[in-house]
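Pasting entry_37.cif here (mmCIF, C-alpha atoms):
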data_final
#
loop_
_atom_site.label_atom_id
_atom_site.label_comp_id
_atom_site.auth_asym_id
_atom_site.auth_seq_id
_atom_site.Cartn_x
_atom_site.Cartn_y
_atom_site.Cartn_z
CA MET A 28 60.23 59.88 36.71
CA SER A 29 56.49 59.33 36.88
CA PHE A 30 56.06 58.84 33.16
CA THR A 31 57.85 56.28 31.00
CA PRO A 32 59.18 57.78 27.79
CA SER A 33 60.14 55.52 24.92
CA THR A 34 63.82 56.16 25.58
CA PRO A 35 64.80 56.43 29.23
CA PRO A 36 66.19 59.85 30.22
CA GLU A 37 69.90 60.41 30.44
CA LEU A 38 71.08 61.08 33.98
CA LEU A 39 74.78 61.72 33.48
CA CYS A 40 76.83 62.37 30.37
CA THR A 41 80.51 62.74 29.60
CA SER A 42 82.28 63.88 26.51
CA ASP A 43 85.95 63.28 25.79
CA LEU A 44 86.61 62.85 29.48
CA ALA A 45 90.22 62.15 30.29
CA CYS A 46 92.34 62.01 33.38
CA GLU A 47 96.03 62.50 33.83
CA ARG A 48 97.81 61.90 37.09
CA ASP A 49 101.50 62.36 37.69
CA LEU A 50 102.26 62.60 33.96
CA ARG A 51 100.43 59.35 33.32
CA VAL A 52 97.26 59.32 31.27
CA LEU A 53 94.87 57.00 33.06
CA TYR A 54 92.10 57.11 30.53
CA SER A 55 90.98 59.34 27.73
CA GLY A 56 88.18 59.72 25.23
CA LEU A 57 85.39 58.64 27.51
CA ASN A 58 82.08 59.41 25.83
CA PHE A 59 79.11 57.88 27.48
CA SER A 60 75.74 58.63 28.90
CA VAL A 61 74.17 56.81 31.79
CA LYS A 62 70.44 56.38 31.35
CA ALA A 63 67.78 55.72 33.92
CA GLY A 64 67.44 52.05 34.68
CA GLU A 65 71.06 51.18 33.95
CA LEU A 66 73.57 49.47 36.19
CA TRP A 67 77.17 50.01 35.18
CA HIS A 68 79.90 47.85 36.53
CA ILE A 69 83.19 49.69 36.04
CA LYS A 70 86.05 47.27 35.81
CA GLY A 71 89.73 47.83 35.51
CA LEU A 72 93.07 46.80 36.86
CA ASN A 73 94.40 48.36 40.04
CA GLY A 74 95.44 51.88 39.22
CA ALA A 75 93.32 52.04 36.08
CA GLY A 76 91.56 55.07 37.52
CA LYS A 77 88.24 53.62 38.62
CA THR A 78 88.10 55.63 41.81
CA THR A 79 89.30 58.76 40.04
CA LEU A 80 86.61 58.33 37.41
CA LEU A 81 83.89 58.05 40.02
CA ARG A 82 85.26 61.09 41.82
CA GLN A 83 85.30 63.05 38.59
CA LEU A 84 81.72 62.07 37.91
CA ALA A 85 80.73 63.08 41.43
CA GLY A 86 82.49 66.42 41.07
CA LEU A 87 85.16 65.75 43.67
CA HIS A 88 88.10 65.51 41.30
CA ALA A 89 88.96 68.30 38.90
CA VAL A 90 88.02 67.67 35.28
CA ASP A 91 90.86 69.11 33.23
CA MET A 92 90.03 67.51 29.91
CA GLY A 93 86.59 66.82 28.58
CA GLN A 94 83.30 67.40 30.30
CA VAL A 95 80.91 65.82 32.75
CA TRP A 96 77.38 67.08 33.06
CA LEU A 97 73.96 66.23 34.40
CA PRO A 98 71.35 66.85 31.69
CA ASP A 99 68.72 67.40 34.35
CA LYS A 100 70.02 69.72 37.03
CA ALA A 101 67.57 68.25 39.54
CA THR A 102 69.20 64.82 39.38
CA LYS A 103 70.19 63.78 42.86
CA VAL A 104 73.46 61.94 43.18
CA ILE A 105 74.86 59.99 46.10
CA TYR A 106 78.54 59.16 46.15
CA ILE A 107 79.93 56.65 48.63
CA GLY A 108 83.66 56.25 48.36
CA HIS A 109 86.42 54.33 50.09
CA LYS A 110 86.25 56.78 52.95
CA LEU A 111 82.75 56.34 54.23
CA GLY A 112 82.26 59.79 55.70
CA LEU A 113 81.17 58.49 59.08
CA LYS A 114 82.11 60.01 62.42
CA GLU A 115 83.46 57.31 64.70
CA GLN A 116 82.29 59.00 67.90
CA LEU A 117 78.69 59.32 66.75
CA THR A 118 76.13 56.55 66.71
CA ALA A 119 74.88 54.95 63.50
CA ASP A 120 71.65 56.89 63.85
CA GLU A 121 73.38 60.23 64.45
CA ASN A 122 75.62 59.67 61.47
CA LEU A 123 72.68 59.02 59.20
CA ALA A 124 70.92 62.04 60.64
CA TRP A 125 73.63 64.47 59.62
CA LEU A 126 74.31 62.80 56.30
CA ALA A 127 70.62 62.98 55.43
CA GLY A 128 70.46 66.49 56.85
CA LEU A 129 72.88 67.71 54.19
CA ASP A 130 70.08 67.60 51.69
CA GLY A 131 66.74 67.38 53.38
CA VAL A 132 65.40 66.01 56.62
CA SER A 133 64.78 62.58 58.04
CA THR A 134 62.86 61.30 61.00
CA GLN A 135 64.29 58.85 63.44
CA GLU A 136 61.71 56.31 62.25
CA GLN A 137 63.00 56.56 58.71
CA ARG A 138 66.59 56.20 59.85
CA TYR A 139 65.81 53.16 61.95
CA ALA A 140 63.98 51.63 58.99
CA ALA A 141 66.97 52.28 56.73
CA LEU A 142 69.32 50.71 59.26
CA GLU A 143 67.05 47.70 59.53
CA GLN A 144 67.17 47.29 55.76
CA VAL A 145 70.94 47.00 55.87
CA GLY A 146 70.72 44.45 58.68
CA LEU A 147 71.75 46.71 61.53
CA ARG A 148 68.69 46.43 63.68
CA GLY A 149 69.70 46.81 67.30
CA TYR A 150 72.88 48.71 66.43
CA GLU A 151 71.22 52.10 65.95
CA GLU A 152 72.60 53.56 69.15
CA ASN A 153 76.05 52.02 68.97
CA THR A 154 78.83 54.39 68.08
CA VAL A 155 80.39 53.66 64.74
CA ALA A 156 83.72 53.05 66.45
CA GLN A 157 82.20 49.96 68.04
CA LEU A 158 81.09 48.48 64.71
CA SER A 159 83.07 46.14 62.47
CA ALA A 160 84.36 47.23 59.09
CA GLY A 161 81.49 45.55 57.29
CA GLN A 162 78.93 47.07 59.61
CA LYS A 163 80.43 50.52 59.08
CA ARG A 164 80.03 50.15 55.36
CA ARG A 165 76.46 49.06 55.92
CA VAL A 166 75.78 52.24 57.89
CA ALA A 167 77.08 54.26 54.95
CA LEU A 168 74.99 52.21 52.53
CA ALA A 169 71.89 52.72 54.66
CA ARG A 170 71.91 56.24 53.32
CA LEU A 171 70.90 54.88 49.93
CA HIS A 172 67.63 53.72 51.46
CA LEU A 173 67.14 56.92 53.40
CA CYS A 174 67.83 59.59 50.80
CA LYS A 175 66.08 58.97 47.56
CA ALA A 176 68.69 59.73 44.93
CA ASP A 177 68.49 59.05 41.22
CA LEU A 178 72.09 58.15 40.61
CA TRP A 179 74.29 56.11 42.89
CA LEU A 180 78.05 56.30 42.50
CA LEU A 181 79.49 53.50 44.58
CA ASP A 182 83.17 52.81 44.96
CA GLU A 183 83.70 49.16 45.91
CA PRO A 184 80.44 48.82 47.83
CA PHE A 185 81.05 45.11 48.46
CA THR A 186 84.28 45.60 50.39
CA SER A 187 84.19 43.80 53.75
CA ILE A 188 80.50 42.94 53.35
CA ASP A 189 79.66 39.28 54.03
CA GLN A 190 78.29 36.96 51.33
CA GLN A 191 74.65 37.24 52.33
CA GLY A 192 75.09 40.98 52.49
CA ILE A 193 76.40 41.06 48.93
CA VAL A 194 73.36 39.10 47.75
CA ASP A 195 71.08 41.57 49.54
CA GLU A 196 72.96 44.50 48.15
CA GLN A 197 72.49 43.23 44.62
CA ASP A 198 68.75 43.07 45.33
CA TRP A 199 68.75 46.74 46.30
CA LEU A 200 70.69 47.59 43.16
CA SER A 201 68.20 45.83 40.91
CA GLN A 202 65.31 47.38 42.81
CA HIS A 203 66.81 50.82 42.41
CA ILE A 204 67.29 50.53 38.66
CA GLY A 205 63.84 48.96 38.39
CA LEU A 206 62.44 52.18 39.83
CA GLY A 207 64.20 54.26 37.21
CA GLY A 208 67.41 55.00 39.08
CA ALA A 209 70.88 54.31 37.81
CA VAL A 210 74.04 52.94 39.40
CA LEU A 211 77.68 53.27 38.52
CA MET A 212 79.87 51.11 40.66
CA THR A 213 83.30 49.63 40.80
CA SER A 214 83.95 46.17 42.10
CA HIS A 215 86.41 43.37 41.63
CA GLN A 216 83.60 40.93 42.17
CA ALA A 217 81.17 39.82 39.50
CA ILE A 218 77.65 41.19 39.81
CA ASN A 219 75.06 38.49 39.24
CA LEU A 220 72.35 40.61 37.72
CA PRO A 221 71.11 40.27 34.14
CA GLN A 222 70.83 44.04 33.68
CA VAL A 223 74.46 44.75 34.47
CA LYS A 224 76.47 46.62 31.88
CA VAL A 225 80.18 45.95 32.16
CA PHE A 226 82.43 48.86 31.37
CA ASP A 227 86.10 48.05 31.18
CA LEU A 228 88.13 51.16 31.94
CA SER A 229 91.40 49.49 30.92
CA THR A 230 90.39 49.64 27.28
CA TYR A 231 90.41 53.44 27.51
CA ALA A 232 93.97 53.58 28.72
CA PRO A 233 95.80 55.10 25.78
CA SER A 234 99.24 54.08 24.69
CA SER A 235 100.35 57.68 24.42
CA PRO A 236 104.09 58.40 24.46
CA ILE A 237 104.21 59.69 28.03
CA ASN A 238 102.13 56.79 29.16
CA ARG A 239 104.34 54.18 27.54
CA ALA A 240 107.53 55.84 28.72
CA SER A 241 106.44 55.88 32.33
CA GLU A 242 104.89 52.44 32.22
CA GLY A 243 107.92 50.81 30.65
CA GLY A 244 109.87 51.62 33.74
CA ALA A 245 107.11 50.76 36.16
CA LEU A 246 106.08 47.40 34.76
CA MET A 247 109.28 45.68 33.72
CA MET B 11 70.98 76.73 53.45
CA ILE B 12 70.47 77.76 57.07
CA LYS B 13 69.27 74.24 57.77
CA PHE B 14 72.34 72.82 56.08
CA MET B 15 74.65 74.97 58.19
CA LEU B 16 72.73 74.10 61.33
CA THR B 17 73.19 70.42 60.52
CA ILE B 18 76.95 70.92 60.46
CA VAL B 19 76.94 73.03 63.62
CA ARG B 20 74.84 70.46 65.47
CA ARG B 21 77.05 67.60 64.32
CA ASP B 22 80.28 69.33 65.31
CA LEU B 23 78.94 70.36 68.70
CA LEU B 24 77.83 66.79 69.30
CA LEU B 25 81.34 65.63 68.42
CA VAL B 26 82.82 68.10 70.89
CA ALA B 27 80.41 66.90 73.56
CA ARG B 28 81.55 63.32 72.95
CA GLN B 29 85.19 64.33 73.28
CA PRO B 30 85.35 67.15 75.81
CA ALA B 31 89.12 66.75 76.08
CA GLU B 32 89.47 68.19 72.61
CA MET B 33 87.60 71.27 73.71
CA LEU B 34 89.44 71.67 76.98
CA ASN B 35 92.87 71.37 75.44
CA PRO B 36 93.21 74.95 74.11
CA LEU B 37 91.59 76.33 77.22
CA VAL B 38 93.95 74.49 79.55
CA PHE B 39 96.85 75.64 77.42
CA PHE B 40 95.64 79.23 77.68
CA VAL B 41 95.34 79.10 81.45
CA LEU B 42 98.66 77.28 81.89
CA VAL B 43 100.64 79.77 79.84
CA ILE B 44 99.20 82.63 81.84
CA ALA B 45 99.66 80.88 85.18
CA LEU B 46 103.30 80.10 84.39
CA PHE B 47 104.23 83.54 83.16
CA PRO B 48 104.50 85.20 86.57
CA LEU B 49 106.69 82.31 87.69
CA GLY B 50 108.99 82.89 84.75
CA ILE B 51 109.43 86.64 85.01
CA SER B 52 108.40 88.01 88.36
CA PRO B 53 105.27 87.98 90.47
CA GLU B 54 105.56 91.73 90.99
CA ALA B 55 102.22 93.44 90.48
CA ALA B 56 103.64 96.52 88.77
CA LEU B 57 105.46 94.53 86.12
CA LEU B 58 102.63 92.08 85.53
CA SER B 59 99.94 94.70 85.13
CA GLN B 60 102.05 96.29 82.41
CA THR B 61 102.58 93.09 80.48
CA ALA B 62 99.16 91.54 81.14
CA ALA B 63 97.55 92.73 77.91
CA GLY B 64 100.30 91.29 75.75
CA ILE B 65 100.47 88.00 77.62
CA ILE B 66 96.73 87.42 77.42
CA TRP B 67 96.56 88.21 73.73
CA VAL B 68 99.54 86.09 72.77
CA ALA B 69 98.21 83.17 74.82
CA ALA B 70 94.78 83.53 73.18
CA MET B 71 96.37 83.50 69.76
CA LEU B 72 98.48 80.42 70.48
CA ALA B 73 95.48 78.61 71.93
CA THR B 74 93.52 79.34 68.76
CA LEU B 75 96.40 78.21 66.58
CA LEU B 76 96.65 74.98 68.54
CA SER B 77 93.15 73.88 67.67
CA LEU B 78 93.12 75.11 64.10
CA GLU B 79 95.00 72.27 62.49
CA LEU B 80 92.18 69.84 63.09
CA LEU B 81 89.48 72.20 61.82
CA PHE B 82 89.11 70.43 58.48
CA LYS B 83 91.64 67.64 58.84
CA LEU B 84 89.45 65.16 60.73
CA ASP B 85 86.64 65.65 58.24
CA HIS B 86 89.04 65.18 55.39
CA ASP B 87 90.51 62.00 56.83
CA ASP B 88 87.23 60.22 57.40
CA GLY B 89 85.68 61.34 54.14
CA SER B 90 82.93 63.44 55.63
CA LEU B 91 84.39 66.58 54.08
CA GLU B 92 83.69 65.04 50.66
CA GLN B 93 80.09 64.55 51.63
CA LEU B 94 79.81 68.12 52.91
CA LEU B 95 81.21 69.45 49.65
CA LEU B 96 78.88 67.24 47.59
CA ALA B 97 75.81 68.72 49.26
CA PRO B 98 73.99 71.12 46.95
CA TYR B 99 75.19 74.17 48.85
CA PRO B 100 78.18 76.45 48.32
CA SER B 101 81.38 75.44 50.06
CA TRP B 102 81.62 78.76 51.90
CA SER B 103 78.62 77.75 53.97
CA VAL B 104 80.58 74.71 55.17
CA VAL B 105 83.46 77.01 56.13
CA LEU B 106 81.26 79.46 58.00
CA ALA B 107 79.50 76.73 59.95
CA LYS B 108 82.75 75.06 60.94
CA VAL B 109 84.45 78.33 61.89
CA PHE B 110 81.46 79.25 64.02
CA VAL B 111 81.79 76.01 65.99
CA HIS B 112 85.54 76.52 66.27
CA TRP B 113 85.01 79.94 67.76
CA LEU B 114 82.30 78.69 70.11
CA VAL B 115 84.65 76.03 71.39
CA SER B 116 88.01 77.82 71.41
CA GLY B 117 87.21 81.54 71.43
CA LEU B 118 84.17 81.98 73.61
CA PRO B 119 85.55 80.14 76.68
CA LEU B 120 88.65 82.35 76.54
CA ILE B 121 86.47 85.46 76.65
CA LEU B 122 84.51 84.11 79.60
CA MET B 123 87.72 83.23 81.43
CA SER B 124 89.43 86.53 80.73
CA PRO B 125 88.18 88.52 83.75
CA LEU B 126 89.63 85.85 86.01
CA ILE B 127 92.88 85.79 84.09
CA ALA B 128 93.05 89.57 84.18
CA THR B 129 92.81 89.53 87.96
CA MET B 130 95.59 86.95 88.13
CA LEU B 131 97.86 89.31 86.19
CA PHE B 132 96.86 92.45 88.13
CA LEU B 133 95.33 94.09 85.10
CA PRO B 134 93.63 97.31 86.26
CA SER B 135 89.93 96.60 86.58
CA GLN B 136 88.93 99.48 84.31
CA ALA B 137 90.65 97.62 81.45
CA VAL B 138 88.69 94.39 81.88
CA PRO B 139 85.65 95.41 79.79
CA THR B 140 88.01 96.49 77.02
CA LEU B 141 89.85 93.20 77.28
CA MET B 142 86.63 91.25 76.91
CA LEU B 143 85.37 93.40 74.08
CA SER B 144 88.65 93.24 72.19
CA LEU B 145 88.69 89.45 72.57
CA LEU B 146 85.07 89.29 71.47
CA ILE B 147 85.93 91.09 68.25
CA GLY B 148 89.41 89.63 67.88
CA THR B 149 88.96 85.90 68.46
CA PRO B 150 86.42 85.43 65.65
CA THR B 151 88.93 87.18 63.39
CA LEU B 152 91.61 84.72 64.51
CA SER B 153 89.30 81.76 63.84
CA LEU B 154 88.29 83.09 60.43
CA LEU B 155 91.78 83.92 59.21
CA GLY B 156 93.05 80.63 60.56
CA ALA B 157 90.43 78.75 58.58
CA ILE B 158 92.08 79.89 55.34
CA GLY B 159 95.34 78.29 56.40
CA ALA B 160 93.60 75.21 57.76
CA ALA B 161 91.76 74.73 54.47
CA LEU B 162 94.98 75.13 52.50
CA VAL B 163 96.92 72.54 54.48
CA THR B 164 94.05 70.04 54.64
CA GLY B 165 95.31 66.80 53.20
CA VAL B 166 98.94 67.84 53.54
CA ARG B 167 100.88 65.57 55.84
CA GLY B 168 102.51 67.46 58.68
CA GLY B 169 100.63 70.59 57.75
CA GLY B 170 100.71 71.98 61.27
CA MET B 171 104.01 73.78 60.88
CA LEU B 172 103.03 75.09 57.49
CA LEU B 173 99.76 76.34 58.91
CA THR B 174 101.55 78.30 61.61
CA LEU B 175 103.88 79.89 59.09
CA LEU B 176 101.03 80.79 56.77
CA ILE B 177 98.79 82.26 59.40
CA LEU B 178 101.11 84.09 61.80
CA PRO B 179 101.67 87.11 59.54
CA LEU B 180 97.90 87.52 59.26
CA TYR B 181 97.58 87.39 63.03
CA VAL B 182 100.15 90.10 63.72
CA PRO B 183 97.86 93.12 63.17
CA VAL B 184 95.11 91.57 65.28
CA ILE B 185 97.55 91.02 68.13
CA ILE B 186 99.02 94.49 67.89
CA PHE B 187 95.70 96.28 68.01
CA GLY B 188 94.13 93.85 70.45
CA ALA B 189 96.93 94.15 72.98
CA SER B 190 97.35 97.91 72.47
CA SER B 191 93.68 98.52 73.11
CA VAL B 192 93.90 96.78 76.48
CA ALA B 193 97.11 98.61 77.37
CA ALA B 194 95.49 101.93 76.45
CA ALA B 195 92.45 101.15 78.56
CA ALA B 196 94.70 100.28 81.50
CA GLN B 197 96.17 103.77 81.27
CA GLY B 198 92.74 105.33 81.03
CA MET B 199 92.98 106.33 77.39
CA ALA B 200 90.29 106.13 74.72
CA VAL B 201 90.06 102.82 72.89
CA ASP B 202 87.50 103.66 70.18
CA GLY B 203 90.15 103.76 67.47
CA TYR B 204 91.55 100.34 68.36
CA MET B 205 88.09 98.83 68.49
CA ALA B 206 87.20 100.31 65.12
CA LEU B 207 90.33 98.81 63.59
CA LEU B 208 89.68 95.42 65.21
CA ALA B 209 86.11 95.51 63.93
CA ALA B 210 87.34 96.44 60.47
CA MET B 211 89.65 93.42 60.52
CA LEU B 212 86.75 91.21 61.55
CA VAL B 213 84.64 92.49 58.66
CA PHE B 214 87.53 91.96 56.28
CA ALA B 215 88.06 88.40 57.54
CA LEU B 216 84.33 87.70 57.28
CA MET B 217 84.41 88.79 53.68
CA ILE B 218 87.45 86.92 52.41
CA THR B 219 87.52 83.79 54.56
CA PRO B 220 84.39 81.98 53.38
CA TRP B 221 85.39 82.54 49.80
CA ALA B 222 89.10 81.79 50.18
CA ALA B 223 88.79 78.79 52.46
CA GLY B 224 85.86 77.44 50.47
CA SER B 225 87.89 77.52 47.28
CA ALA B 226 90.90 75.99 49.04
CA LEU B 227 88.82 73.09 50.30
CA LYS B 228 87.80 72.19 46.77
CA LEU B 229 91.40 71.75 45.65
#
Would it be possible to restate this file's structure as structure tokens?
Amino acid sequence: MSFTPSTPPELLCTSDLACERDLRVLYSGLNFSVKAGELWHIKGLNGAGKTTLLRQLAGLHAVDMGQVWLPDKATKVIYIGHKLGLKEQLTADENLAWLAGLDGVSTQEQRYAALEQVGLRGYEENTVAQLSAGQKRRVALARLHLCKADLWLLDEPFTSIDQQGIVDEQDWLSQHIGLGGAVLMTSHQAINLPQVKVFDLSTYAPSSPINRASEGGALM
Amino acid sequence: MIKFMLTIVRRDLLLVARQPAEMLNPLVFFVLVIALFPLGISPEAALLSQTAAGIIWVAAMLATLLSLELLFKLDHDDGSLEQLLLAPYPSWSVVLAKVFVHWLVSGLPLILMSPLIATMLFLPSQAVPTLMLSLLIGTPTLSLLGAIGAALVTGVRGGGMLLTLLILPLYVPVIIFGASSVAAAAQGMAVDGYMALLAAMLVFALMITPWAAGSALKL
């Protein structure tokens, strides 16, 4: 990402991606490519399949129909879901150490710096069990500053974060895409950034026969 | 890859160190079962020395089974399993690293305790080396085979019972040959054949477990 081509490189592509859960088609016919420097805000009603989509893109949920691929195999992806992947008995620093250790190494200095960036200075040696829900999420988000990844897949990253924190987080997001990264995130909150690209998943929910049959009973 | 596995091993050992009760639980269970057995049947040395091999092996197996359910479950529940699987390394390396820690925590202490336990049950002293060797080969097999079941029931509510049902048939040959080897040694017979079979089972488990449990985790 040292040079700037006329068209930014594609980081993640899908073709005809669909998802069916419990005989209900959540979405189908997803054809898109996420390019460097883009921030996608995935919207959708509860149960529209936002989380499932992110998990499919991350490779955690089976892709039965359609395809997901990374054009450049070296693209580094970080996925942070509802479950943060933190060990309650370990300290914030220890948690970051093993998470970063999955794909590289980190020094304690780097981890402390990352924790400071998410506003957790002074909490490095507290166990995660002692932290509040918002602070826990911040520990997980600190990984974004620690491990340099190209693509961030964030599932509701604003949950339980305070208002100032959300403002800060949006700064990181715009910084990241400014540096040629890309972000796909879900949120029920509006993102106040000019670059944001809203992607409404509900419009991809098909009105296929099985879908309508099962929804008729569920909605009315 | 080695670094990746070491990261997991270090993390899991640190977790055990933070919660030593979790580690002591199977060990205490193992000792309690063996301490209570003579009270239940008879404290007679002749009878106990005959049954010692079987008692020790069954208790070791149950102690292993006890700690297996949580092998992947805790990681699954807090989402760290997702992160382990997302790392750019094959899932079998996750399995091997976690099984290694499981054996270190649940298998190795049993082996170290076994001479003491053997004395408690009047096992002839010439059988003690065989007991330790058979446990050394057998307990990793128990941990490995158990990991397949643990991976399969990860994410299933109340999977503990299912795990036991799935795994017990696989444990039967290990128990039979493990206990027989000790009984043979107590009578002064050769144990090479038993050891060879136990070792063969370990090799078999080493071959299929990483692959089978790794695939099961991805489901």
**OP:** Could you expand the PyMOL selection byres ((chain B) within 12 of (chain A)) into the explicit residues it covers here, written as a ChimeraX atom specification?
**Re:** /B:11-30,84-100,103-104,227-229
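Here the question is which of B:Ala157, B:Val213, B:Ile218, B:Leu143 gets nearest to Lys108 of chain B using only C-alpha atoms, and that residue is B:Ala157.
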**OP:** Write out as a list in words which residues come within 9 Å of Leu178 of chain A when counting only C-alpha atoms, dropping same-chain ones fewer than 2 positions away.
**Re:**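 Non-adjacent residues within range: Leu38, Leu39, Ala63, Thr102, Lys103, Val104, Ile105, Tyr106, Ala176, Leu180, Gly208, Ala209, Val210 and Leu211 of chain A.
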**OP:** Show which residues sit within 8 Å of segment 214-230 of chain A, as a ChimeraX atom specification. Count all atoms listed in the file, and ignore same-chain residues fewer than 3 positions away.
**Re:** /A:54,65-72,75-77,182-185,197,201,233
May I have the residues from that selection written out with C-alpha atoms, as a PDB file, in the frame of the given file?
ATOM      1  CA  TYR A  54      92.100  57.110  30.530  1.00  0.00           C
ATOM      2  CA  GLU A  65      71.060  51.180  33.950  1.00  0.00           C
ATOM      3  CA  LEU A  66      73.570  49.470  36.190  1.00  0.00           C
ATOM      4  CA  TRP A  67      77.170  50.010  35.180  1.00  0.00           C
ATOM      5  CA  HIS A  68      79.900  47.850  36.530  1.00  0.00           C
ATOM      6  CA  ILE A  69      83.190  49.690  36.040  1.00  0.00           C
ATOM      7  CA  LYS A  70      86.050  47.270  35.810  1.00  0.00           C
ATOM      8  CA  GLY A  71      89.730  47.830  35.510  1.00  0.00           C
ATOM      9  CA  LEU A  72      93.070  46.800  36.860  1.00  0.00           C
ATOM     10  CA  ALA A  75      93.320  52.040  36.080  1.00  0.00           C
ATOM     11  CA  GLY A  76      91.560  55.070  37.520  1.00  0.00           C
ATOM     12  CA  LYS A  77      88.240  53.620  38.620  1.00  0.00           C
ATOM     13  CA  ASP A 182      83.170  52.810  44.960  1.00  0.00           C
ATOM     14  CA  GLU A 183      83.700  49.160  45.910  1.00  0.00           C
ATOM     15  CA  PRO A 184      80.440  48.820  47.830  1.00  0.00           C
ATOM     16  CA  PHE A 185      81.050  45.110  48.460  1.00  0.00           C
ATOM     17  CA  GLN A 197      72.490  43.230  44.620  1.00  0.00           C
ATOM     18  CA  SER A 201      68.200  45.830  40.910  1.00  0.00           C
ATOM     19  CA  PRO A 233      95.800  55.100  25.780  1.00  0.00           C
TER      20      PRO A 233
END
**OP:** Run through the PyMOL selection byres ((chain A and resi 153-163) around 7) on the given coordinates and return the selected residues as a PyMOL selection string.
**Re:** chain A and resi 114-119+150-152+164-167+187-188
Just write the chosen residues, C-alpha atoms, as a PDB file, in the coordinates of the input.
ATOM      1  CA  LYS A 114      82.110  60.010  62.420  1.00  0.00           C
ATOM      2  CA  GLU A 115      83.460  57.310  64.700  1.00  0.00           C
ATOM      3  CA  GLN A 116      82.290  59.000  67.900  1.00  0.00           C
ATOM      4  CA  LEU A 117      78.690  59.320  66.750  1.00  0.00           C
ATOM      5  CA  THR A 118      76.130  56.550  66.710  1.00  0.00           C
ATOM      6  CA  ALA A 119      74.880  54.950  63.500  1.00  0.00           C
ATOM      7  CA  TYR A 150      72.880  48.710  66.430  1.00  0.00           C
ATOM      8  CA  GLU A 151      71.220  52.100  65.950  1.00  0.00           C
ATOM      9  CA  GLU A 152      72.600  53.560  69.150  1.00  0.00           C
ATOM     10  CA  ARG A 164      80.030  50.150  55.360  1.00  0.00           C
ATOM     11  CA  ARG A 165      76.460  49.060  55.920  1.00  0.00           C
ATOM     12  CA  VAL A 166      75.780  52.240  57.890  1.00  0.00           C
ATOM     13  CA  ALA A 167      77.080  54.260  54.950  1.00  0.00           C
ATOM     14  CA  SER A 187      84.190  43.800  53.750  1.00  0.00           C
ATOM     15  CA  ILE A 188      80.500  42.940  53.350  1.00  0.00           C
TER      16      ILE A 188
END
**OP:** May I have the residues at most 12 Å from (87.6, 86.4, 67.0) in the file's coordinates, counting all atoms listed in the file, as a ChimeraX atom specification?
**Re:** /B:67,70-71,74,109-121,142-157,181,184-185,188,208-213,215-216
Identify all residues satisfying the PyMOL selection byres ((chain B and resi 160-174) around 8) in the given file; provide them as a PDB file with C-alpha atoms, in the coordinates of the input.
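So the final result, stored in expr29.pdb, reads:
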ATOM      1  CA  LEU B  75      96.400  78.210  66.580  1.00  0.00           C
ATOM      2  CA  LEU B  78      93.120  75.110  64.100  1.00  0.00           C
ATOM      3  CA  GLU B  79      95.000  72.270  62.490  1.00  0.00           C
ATOM      4  CA  LEU B  80      92.180  69.840  63.090  1.00  0.00           C
ATOM      5  CA  LEU B  81      89.480  72.200  61.820  1.00  0.00           C
ATOM      6  CA  PHE B  82      89.110  70.430  58.480  1.00  0.00           C
ATOM      7  CA  LYS B  83      91.640  67.640  58.840  1.00  0.00           C
ATOM      8  CA  HIS B  86      89.040  65.180  55.390  1.00  0.00           C
ATOM      9  CA  ASP B  87      90.510  62.000  56.830  1.00  0.00           C
ATOM     10  CA  GLY B 156      93.050  80.630  60.560  1.00  0.00           C
ATOM     11  CA  ALA B 157      90.430  78.750  58.580  1.00  0.00           C
ATOM     12  CA  ILE B 158      92.080  79.890  55.340  1.00  0.00           C
ATOM     13  CA  GLY B 159      95.340  78.290  56.400  1.00  0.00           C
ATOM     14  CA  LEU B 175     103.880  79.890  59.090  1.00  0.00           C
ATOM     15  CA  LEU B 176     101.030  80.790  56.770  1.00  0.00           C
ATOM     16  CA  ILE B 177      98.790  82.260  59.400  1.00  0.00           C
ATOM     17  CA  LEU B 178     101.110  84.090  61.800  1.00  0.00           C
ATOM     18  CA  ALA B 223      88.790  78.790  52.460  1.00  0.00           C
ATOM     19  CA  GLY B 224      85.860  77.440  50.470  1.00  0.00           C
ATOM     20  CA  ALA B 226      90.900  75.990  49.040  1.00  0.00           C
ATOM     21  CA  LEU B 227      88.820  73.090  50.300  1.00  0.00           C
TER      22      LEU B 227
END
**OP:** To one decimal in Å, tell me the separation between atom CA of Asn58 of chain A and atom CA of His203 of chain A.
**Re:**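 Distance between the two atoms: 24.1 Å.
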Subject >> Point-to-point distance in Å for atom CA of Asp43 of chain A and atom CA of Leu57 of chain A >> reply: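 About the pair atom CA of Leu57 of chain A and atom CA of Asp43 of chain A: they are 5.0 Å apart.
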**OP:** Measure the distance from atom CA of Leu142 of chain A to atom CA of Gly64 of chain A in Å and round it to one decimal.
**Re:** 24.7 Å
Subject >> Selection near Ala56 of chain B, 10 Å with all atoms listed in the file, sequence-local residues under 4 positions removed, as a PyMOL selection string >> reply: chain B and resi 52+60-61+131-133
**OP:** Write out as a list in words which residues come within 6 Å of segment 194-202 of chain B when counting only C-alpha atoms, dropping same-chain ones fewer than 3 positions away.
**Re:** Pro134, Ala137, Ser190, Ser191 and Met205 of chain B
**OP:** Using only C-alpha atoms, find the one residue out of A:Ala45, A:Leu81, A:Leu171, A:Ala101 that sits nearest to Ala140 of chain A.
**Re:**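 Among A:Ala45, A:Leu81, A:Leu171, A:Ala101, it is A:Leu171 that comes nearest to Ala140 of chain A.
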Original post:
Quick one: residues within 9 Å of Thr41 of chain A, all atoms listed in the file counted, chain neighbours fewer than 4 positions away excluded, as number ranges by chain?
Top reply: A: 57-61, 84, 93-97
